[in-house]
Amino acid sequence: MDTLISNVTIVTMNERMDVLFGAFLGIKDGKIASISKSAPQEQPKTIIDGTGMVVLPGLINCHTHLATTALRCFSDDLSAADALNAQLLKEDKMDSRSAKAAALLGIAECLRFGVTSVSDLYYFPNATAEAVAESGIKGNLSLSAYRYIDQNEEFDFDTDEQCRELVKVVEKWHRFDNGRIKIDAGIHSEYTSNFKLWEALAGFACEQGLGMQLHLAETAGEAESCLERTGMGPGELLSCHRLFHVPTTAAGCVHLQEHERKLLGRKKVSAVACPLTDAKAGRPTTPIPECVKAGMNVALGTGGAIECGNMDMFEVLRFAAMAVRAASQDPAALPSSAALMMGTVCGARAQGRASECGMIKEGFDADLCLIDFSAPHLIPCHNVLNGLVWSAKGGDVAMTMVRGRILYQNGSFPTIDLKKVVEELTTYVLPRLFGDGKN
């Protein structure tokens, strides 16, 4: 046995939602080898004292834009249109070197907050993949493709610039390190592209066994515009063009019509609620109960740091539950167990990783986060699940582990030279994005 976490409270997130107190969790070859109420006879190489700690399956952030950590907080308090224009001006200056440094910072932030896997929909996917590979975190990475193609314009997937970039990234990174990195096809959204790109990407994804990522029906204007132009909502329209023929993760799903939710439920589309991002933008968030009733899997995400300020998934867990309770005016709506399910089990399902993570279960990858429950705001603990959702913060995470490898522990990042990353941001990235443009 490589590692034993001793005398710890284990929140398994298994089918029975078992919570084990004073338990022992054994890890070998990157997998969960044993879960028991007594110490195993086999002597481990390393013992981690879990006294006063809770171990939880690593949280899964199903919608991020990691490289936007470089743009954190610079456009807050602007109107939606002004903030978007400001962001686009900065993004236009970004290059692969900037994206990699910013992605590494975003990954460090995720690990600090107990996240073991991310789904990233952005540009510079090769740079992001390099950052994910070096850090040890898991990632489903997608190029956010966009552009309208004129009806009369010849479109060739093999020569299109963004499609060629996707092909290269798939060839280099898909299933890297036994599937630690997966590459998905992706579009930014319905309103920034059209059917020629959708159908080409959907066909390629089917051929290569890829998933799909996109933003969908995030705003009322987006849905209304699509309905006026086509007679269909964006969910129905994209379905007609076979975009959902592959496993799809759709961020938003706020303004889908009921029949669209049912359609996407039949297609096994995963909706990703980003309640902090939505609230900060002054708009309603994903109607989680309605999506679940329609048969959709619902996971959680932060969006980019520019959108939500930070990528603390514990805040997302709490705010997702609060949003449902406020909308329904029911303090019993969306219990803690359901919020935790969305942040772990449902996230793994959305990423196509349900057989490897999302639960603490023998044979699963040892993707774990260890939370210190000795802090004043976590005492007393009458109910562990409630404590995790309503009282815990990302800063309470003492350790984050992926496949049995410690990637964060008590302020240290063994796989990321954080000082070097910050230096790169300070000396290269920020001058490039916010300077006079001569870099």
# chains A, B, ... in the order shown; residues from 1 in each chain; ligands from 1

call {"tool": "residues_around", "arguments": {"residues": "segment 67-74 of chain A", "least_positions_apart": "2", "cutoff": "8 Å", "atoms": "only C-alpha atoms", "output": "PyMOL selection string"}}
result
chain A and resi 65+76+87+90+98-103+105-106+122+128+304-307+309+425+429-430

call {"tool": "residues_around", "arguments": {"residues": "Ser193 of chain A", "least_positions_apart": "4", "cutoff": "10 Å", "atoms": "only C-alpha atoms", "output": "PyMOL selection string"}}
result
chain A and resi 145-149+187-189+197-198

call {"tool": "residues_around", "arguments": {"residues": "segment 349-352 of chain A", "least_positions_apart": "3", "cutoff": "7 Å", "atoms": "only C-alpha atoms", "output": "list in words"}}
result
Asn140, Thr249, Ser270, Ala299, Val345 and Cys346 of chain A

call {"tool": "residues_around", "arguments": {"residues": "Leu89 of chain A", "least_positions_apart": "4", "cutoff": "10 Å", "atoms": "only C-alpha atoms", "output": "PyMOL selection string"}}
result
chain A and resi 84-85+93-94+433-434

call {"tool": "write_last_selection", "arguments": {"atoms": "C-alpha atoms", "output": "PDB file, in the first residue's frame"}}
result
ATOM      1  CA  LEU A  84     -17.554  41.817 -22.958  1.00  0.00           C
ATOM      2  CA  ASN A  85     -15.948  44.472 -25.157  1.00  0.00           C
ATOM      3  CA  LYS A  93      -3.634  40.276 -27.329  1.00  0.00           C
ATOM      4  CA  MET A  94      -3.311  36.846 -25.754  1.00  0.00           C
ATOM      5  CA  LEU A 433      -2.379  42.203 -22.227  1.00  0.00           C
ATOM      6  CA  PHE A 434      -2.515  45.530 -20.407  1.00  0.00           C
TER       7      PHE A 434
END

call {"tool": "closest_residue", "arguments": {"among": "A:Ala223, A:Ala202, A:Met53, A:Leu104", "to": "Lys420 of chain A", "atoms": "only C-alpha atoms"}}
result
A:Leu104

call {"tool": "closest_residue", "arguments": {"among": "A:Phe364, A:Phe314, A:Tyr408, A:Tyr123", "to": "Ala185 of chain A", "atoms": "only C-alpha atoms"}}
result
A:Tyr123

call {"tool": "closest_residue", "arguments": {"among": "A:Phe155, A:Pro287, A:Val389, A:Arg16", "to": "Ala326 of chain A", "atoms": "only C-alpha atoms"}}
result
A:Pro287
